[in-house]
Amino acid sequence: MSNRTTVTEFLLLGFSEVRELQILHSVVFLGIYLAALMGNLLVLILVAVDYHLYTPMYFFLMNLSILDLGSISVTVPKFMANSVLNTRLISYSGCIAQVFIFIFFTVADFAFLTIMEYDRYVAICQPLHYDTIMNRGACVQMAASAWISGIPVSTMQTRNIFALPFCGGNKVNQFFCEIPQLLKIACSDSYLVDNLPEDVHSGWTPFSPQAVPLLKDGVKVPTQDQALKRIQ
């Protein structure tokens, strides 16, 4: 099409064009970022120094804290820097990196939430076998699988998104490179645009509609009488 142009950078519109509000937003986001930073670092330090917390639950919680730090560090510092420098630009490669890393942390986050659900299931429904099932080796393998699971998903989704030609300009109506906003400026007559939203959100997570029947069938919580019999 004639209106397709080569995009070399994106313009992040953010929240406001008023300079004073931009500074206010950067201060607010700085406070939120520092609070998240200190909270997650506190969790990491406590788990590392207190041997009483050397349990599977806190091991997975420590990984969640790392993921939380990573996901918020992908978007917020760039927004604060743009607000202070009074610019809205992000390079094409920077946008690709932001999307890839954000998807990676999100997928890994959901994977760890699923693992923690399984950990609690074993602790409640099979308390006598908990130490055997959730041993050190099993926890390390599950954690490694959760981290690795984010790589193929983020690679595939990022490749699909930026394989689209952008014919709607380079203005992203968000303070970071958000996938739905990128799809809005992609060429609407492309086959991928019509199918990508489903693919982007079709990653299997414990909260996906397709996961509900599996969880219902696979995780059957025993009744109170059954739990008492197992303990006895």
# chains A, B, ... in the order shown; residues from 1 in each chain; ligands from 1
$ residues_around --residues "region 53-68 of chain A" --least-positions-apart "5" --cutoff "6 Å" --atoms "only C-alpha atoms" --output "VMD selection string"
chain A and resid 40 44 47 105
$ write_last_selection --atoms "C-alpha atoms" --output "PDB file, in the first residue's frame"
ATOM      1  CA  ASN A  40      11.145  -6.832  46.565  1.00  0.00           C
ATOM      2  CA  LEU A  44      15.196 -11.217  48.632  1.00  0.00           C
ATOM      3  CA  VAL A  47      14.927 -15.147  52.265  1.00  0.00           C
ATOM      4  CA  PHE A 105       8.829 -11.666  32.546  1.00  0.00           C
TER       5      PHE A 105
END
$ closest_residue --among "A:Ala48, A:Gln22, A:Glu9, A:Ile179" --to "Leu85 (chain A)" --atoms "only C-alpha atoms"
A:Gln22
$ closest_residue --among "A:Ala143, A:Ile32, A:Ile133, A:Phe10" --to "Arg120 (chain A)" --atoms "only C-alpha atoms"
A:Ile133
$ closest_residue --among "A:Val99, A:Met134, A:Ile185, A:Ala123" --to "Met156 (chain A)" --atoms "only C-alpha atoms"
A:Val99
$ select_by_dssp --residues "region 6-228 of chain A" --states "alpha helix (DSSP H)" --output "number ranges by chain"
A: 19-49, 56-85, 92-125, 130-133, 136-162, 179-184, 191-200, 211-218, 224-228
$ closest_residue --among "A:Ala35, A:Ala146, A:Leu164, A:Leu183" --to "Thr6 (chain A)" --atoms "only C-alpha atoms"
A:Leu164
$ closest_residue --among "A:Leu42, A:Val84, A:Ile96, A:Ala111" --to "Leu24 (chain A)" --atoms "only C-alpha atoms"
A:Val84
$ atom_distance --atom1 "CA of Phe79 (chain A)" --atom2 "CA of Phe162 (chain A)"
21.3 Å
$ residues_around --residues "Glu178 (chain A)" --least-positions-apart "3" --cutoff "10 Å" --atoms "only C-alpha atoms" --output "ChimeraX atom specification"
/A:12,75,95,98-99,102,172-175,181-183
$ write_last_selection --atoms "N, CA, C and O atoms" --output "mmCIF file, in the first residue's frame"
data_model
loop_
_atom_site.group_PDB
_atom_site.id
_atom_site.type_symbol
_atom_site.label_atom_id
_atom_site.label_comp_id
_atom_site.auth_asym_id
_atom_site.auth_seq_id
_atom_site.Cartn_x
_atom_site.Cartn_y
_atom_site.Cartn_z
ATOM 1 N N LEU A 12 5.972 7.738 22.175
ATOM 2 C CA LEU A 12 5.149 7.326 23.310
ATOM 3 C C LEU A 12 4.379 8.540 23.830
ATOM 4 O O LEU A 12 4.968 9.462 24.374
ATOM 5 N N THR A 75 9.711 -0.842 31.965
ATOM 6 C CA THR A 75 8.862 0.233 31.455
ATOM 7 C C THR A 75 8.994 1.548 32.223
ATOM 8 O O THR A 75 9.061 2.616 31.608
ATOM 9 N N CYS A 95 12.039 -0.480 21.373
ATOM 10 C CA CYS A 95 10.661 -0.948 21.518
ATOM 11 C C CYS A 95 10.601 -2.467 21.416
ATOM 12 O O CYS A 95 9.866 -3.124 22.163
ATOM 13 N N GLN A 98 11.846 -3.851 24.657
ATOM 14 C CA GLN A 98 10.870 -3.647 25.721
ATOM 15 C C GLN A 98 9.745 -4.677 25.647
ATOM 16 O O GLN A 98 9.350 -5.254 26.670
ATOM 17 N N VAL A 99 9.235 -4.911 24.439
ATOM 18 C CA VAL A 99 8.167 -5.895 24.259
ATOM 19 C C VAL A 99 8.658 -7.294 24.594
ATOM 20 O O VAL A 99 7.991 -8.058 25.307
ATOM 21 N N PHE A 102 9.331 -7.657 28.421
ATOM 22 C CA PHE A 102 8.087 -7.585 29.191
ATOM 23 C C PHE A 102 7.289 -8.882 29.058
ATOM 24 O O PHE A 102 6.768 -9.407 30.048
ATOM 25 N N VAL A 172 2.343 5.773 19.700
ATOM 26 C CA VAL A 172 1.834 4.727 20.579
ATOM 27 C C VAL A 172 1.112 5.399 21.746
ATOM 28 O O VAL A 172 1.727 6.152 22.512
ATOM 29 N N ASN A 173 -0.163 5.146 21.879
ATOM 30 C CA ASN A 173 -0.982 5.810 22.886
ATOM 31 C C ASN A 173 -0.822 5.135 24.254
ATOM 32 O O ASN A 173 -1.779 4.615 24.846
ATOM 33 N N GLN A 174 0.399 5.146 24.741
ATOM 34 C CA GLN A 174 0.732 4.545 26.033
ATOM 35 C C GLN A 174 2.119 5.040 26.418
ATOM 36 O O GLN A 174 2.841 5.596 25.590
ATOM 37 N N PHE A 175 2.504 4.845 27.702
ATOM 38 C CA PHE A 175 3.813 5.339 28.125
ATOM 39 C C PHE A 175 4.918 4.309 27.890
ATOM 40 O O PHE A 175 6.081 4.566 28.192
ATOM 41 N N GLN A 181 -1.613 -1.369 21.685
ATOM 42 C CA GLN A 181 -1.417 -0.069 21.037
ATOM 43 C C GLN A 181 -0.561 -0.197 19.783
ATOM 44 O O GLN A 181 -0.768 0.533 18.805
ATOM 45 N N LEU A 182 0.400 -1.116 19.783
ATOM 46 C CA LEU A 182 1.195 -1.356 18.586
ATOM 47 C C LEU A 182 0.340 -1.965 17.481
ATOM 48 O O LEU A 182 0.515 -1.651 16.300
ATOM 49 N N LEU A 183 -0.592 -2.835 17.857
ATOM 50 C CA LEU A 183 -1.466 -3.449 16.860
ATOM 51 C C LEU A 183 -2.405 -2.423 16.227
ATOM 52 O O LEU A 183 -2.816 -2.577 15.081
#
$ select_by_dssp --residues "region 5-41 of chain A" --states "strand (DSSP E or B)" --output "ChimeraX atom specification"
/A:9-12
$ residues_around --residues "Thr155 (chain A)" --least-positions-apart "5" --cutoff "10 Å" --atoms "only C-alpha atoms" --output "list in words"
Val99, Phe100, Ile101, Ile103, Phe104, Gly150 and Asn160 of chain A
$ closest_residue --among "A:Leu30, A:Ile115, A:Cys167, A:Leu41" --to "Gly70 (chain A)" --atoms "only C-alpha atoms"
A:Leu41
$ decode --residues "region 66-87 of chain A" --atoms "N, CA and C atoms" --output "PDB file, in the first residue's frame"
ATOM      1  N   ILE A  66      12.115 -11.282  41.920  1.00  0.00           N
ATOM      2  CA  ILE A  66      13.047 -10.933  40.838  1.00  0.00           C
ATOM      3  C   ILE A  66      12.281 -10.582  39.569  1.00  0.00           C
ATOM      4  N   LEU A  67      11.249 -11.365  39.269  1.00  0.00           N
ATOM      5  CA  LEU A  67      10.430 -11.087  38.091  1.00  0.00           C
ATOM      6  C   LEU A  67       9.701  -9.758  38.220  1.00  0.00           C
ATOM      7  N   ASP A  68       9.229  -9.453  39.408  1.00  0.00           N
ATOM      8  CA  ASP A  68       8.540  -8.188  39.627  1.00  0.00           C
ATOM      9  C   ASP A  68       9.481  -7.018  39.417  1.00  0.00           C
ATOM     10  N   LEU A  69      10.692  -7.147  39.925  1.00  0.00           N
ATOM     11  CA  LEU A  69      11.698  -6.101  39.717  1.00  0.00           C
ATOM     12  C   LEU A  69      12.008  -5.929  38.232  1.00  0.00           C
ATOM     13  N   GLY A  70      12.120  -7.042  37.537  1.00  0.00           N
ATOM     14  CA  GLY A  70      12.438  -6.969  36.117  1.00  0.00           C
ATOM     15  C   GLY A  70      11.331  -6.349  35.296  1.00  0.00           C
ATOM     16  N   SER A  71      10.090  -6.764  35.539  1.00  0.00           N
ATOM     17  CA  SER A  71       8.975  -6.275  34.726  1.00  0.00           C
ATOM     18  C   SER A  71       8.735  -4.784  34.917  1.00  0.00           C
ATOM     19  N   ILE A  72       8.870  -4.298  36.150  1.00  0.00           N
ATOM     20  CA  ILE A  72       8.644  -2.870  36.389  1.00  0.00           C
ATOM     21  C   ILE A  72       9.836  -2.042  35.908  1.00  0.00           C
ATOM     22  N   SER A  73      11.027  -2.643  35.897  1.00  0.00           N
ATOM     23  CA  SER A  73      12.219  -1.924  35.438  1.00  0.00           C
ATOM     24  C   SER A  73      12.270  -1.800  33.923  1.00  0.00           C
ATOM     25  N   VAL A  74      11.486  -2.591  33.213  1.00  0.00           N
ATOM     26  CA  VAL A  74      11.470  -2.528  31.759  1.00  0.00           C
ATOM     27  C   VAL A  74      10.766  -1.267  31.256  1.00  0.00           C
ATOM     28  N   THR A  75       9.711  -0.842  31.965  1.00  0.00           N
ATOM     29  CA  THR A  75       8.862   0.233  31.455  1.00  0.00           C
ATOM     30  C   THR A  75       8.994   1.548  32.223  1.00  0.00           C
ATOM     31  N   VAL A  76       9.031   1.487  33.548  1.00  0.00           N
ATOM     32  CA  VAL A  76       8.946   2.708  34.354  1.00  0.00           C
ATOM     33  C   VAL A  76      10.171   3.616  34.208  1.00  0.00           C
ATOM     34  N   PRO A  77      11.411   3.118  34.299  1.00  0.00           N
ATOM     35  CA  PRO A  77      12.560   4.036  34.165  1.00  0.00           C
ATOM     36  C   PRO A  77      12.584   4.789  32.843  1.00  0.00           C
ATOM     37  N   LYS A  78      12.218   4.137  31.752  1.00  0.00           N
ATOM     38  CA  LYS A  78      12.181   4.807  30.455  1.00  0.00           C
ATOM     39  C   LYS A  78      11.154   5.923  30.456  1.00  0.00           C
ATOM     40  N   PHE A  79      10.000   5.665  31.056  1.00  0.00           N
ATOM     41  CA  PHE A  79       8.964   6.699  31.131  1.00  0.00           C
ATOM     42  C   PHE A  79       9.437   7.886  31.965  1.00  0.00           C
ATOM     43  N   MET A  80      10.089   7.623  33.094  1.00  0.00           N
ATOM     44  CA  MET A  80      10.580   8.708  33.936  1.00  0.00           C
ATOM     45  C   MET A  80      11.661   9.514  33.222  1.00  0.00           C
ATOM     46  N   ALA A  81      12.542   8.831  32.518  1.00  0.00           N
ATOM     47  CA  ALA A  81      13.600   9.527  31.782  1.00  0.00           C
ATOM     48  C   ALA A  81      13.012  10.408  30.685  1.00  0.00           C
ATOM     49  N   ASN A  82      12.018   9.907  29.963  1.00  0.00           N
ATOM     50  CA  ASN A  82      11.374  10.705  28.922  1.00  0.00           C
ATOM     51  C   ASN A  82      10.681  11.926  29.499  1.00  0.00           C
ATOM     52  N   SER A  83      10.056  11.764  30.667  1.00  0.00           N
ATOM     53  CA  SER A  83       9.358  12.888  31.298  1.00  0.00           C
ATOM     54  C   SER A  83      10.332  13.970  31.731  1.00  0.00           C
ATOM     55  N   VAL A  84      11.454  13.562  32.308  1.00  0.00           N
ATOM     56  CA  VAL A  84      12.445  14.533  32.780  1.00  0.00           C
ATOM     57  C   VAL A  84      13.129  15.233  31.606  1.00  0.00           C
ATOM     58  N   LEU A  85      13.439  14.480  30.553  1.00  0.00           N
ATOM     59  CA  LEU A  85      14.136  15.040  29.391  1.00  0.00           C
ATOM     60  C   LEU A  85      13.188  15.695  28.400  1.00  0.00           C
ATOM     61  N   ASN A  86      11.890  15.637  28.693  1.00  0.00           N
ATOM     62  CA  ASN A  86      10.862  16.242  27.835  1.00  0.00           C
ATOM     63  C   ASN A  86      10.923  15.683  26.410  1.00  0.00           C
ATOM     64  N   THR A  87      10.980  14.376  26.340  1.00  0.00           N
ATOM     65  CA  THR A  87      10.953  13.699  25.053  1.00  0.00           C
ATOM     66  C   THR A  87      10.019  12.504  25.158  1.00  0.00           C
TER      67      THR A  87
END
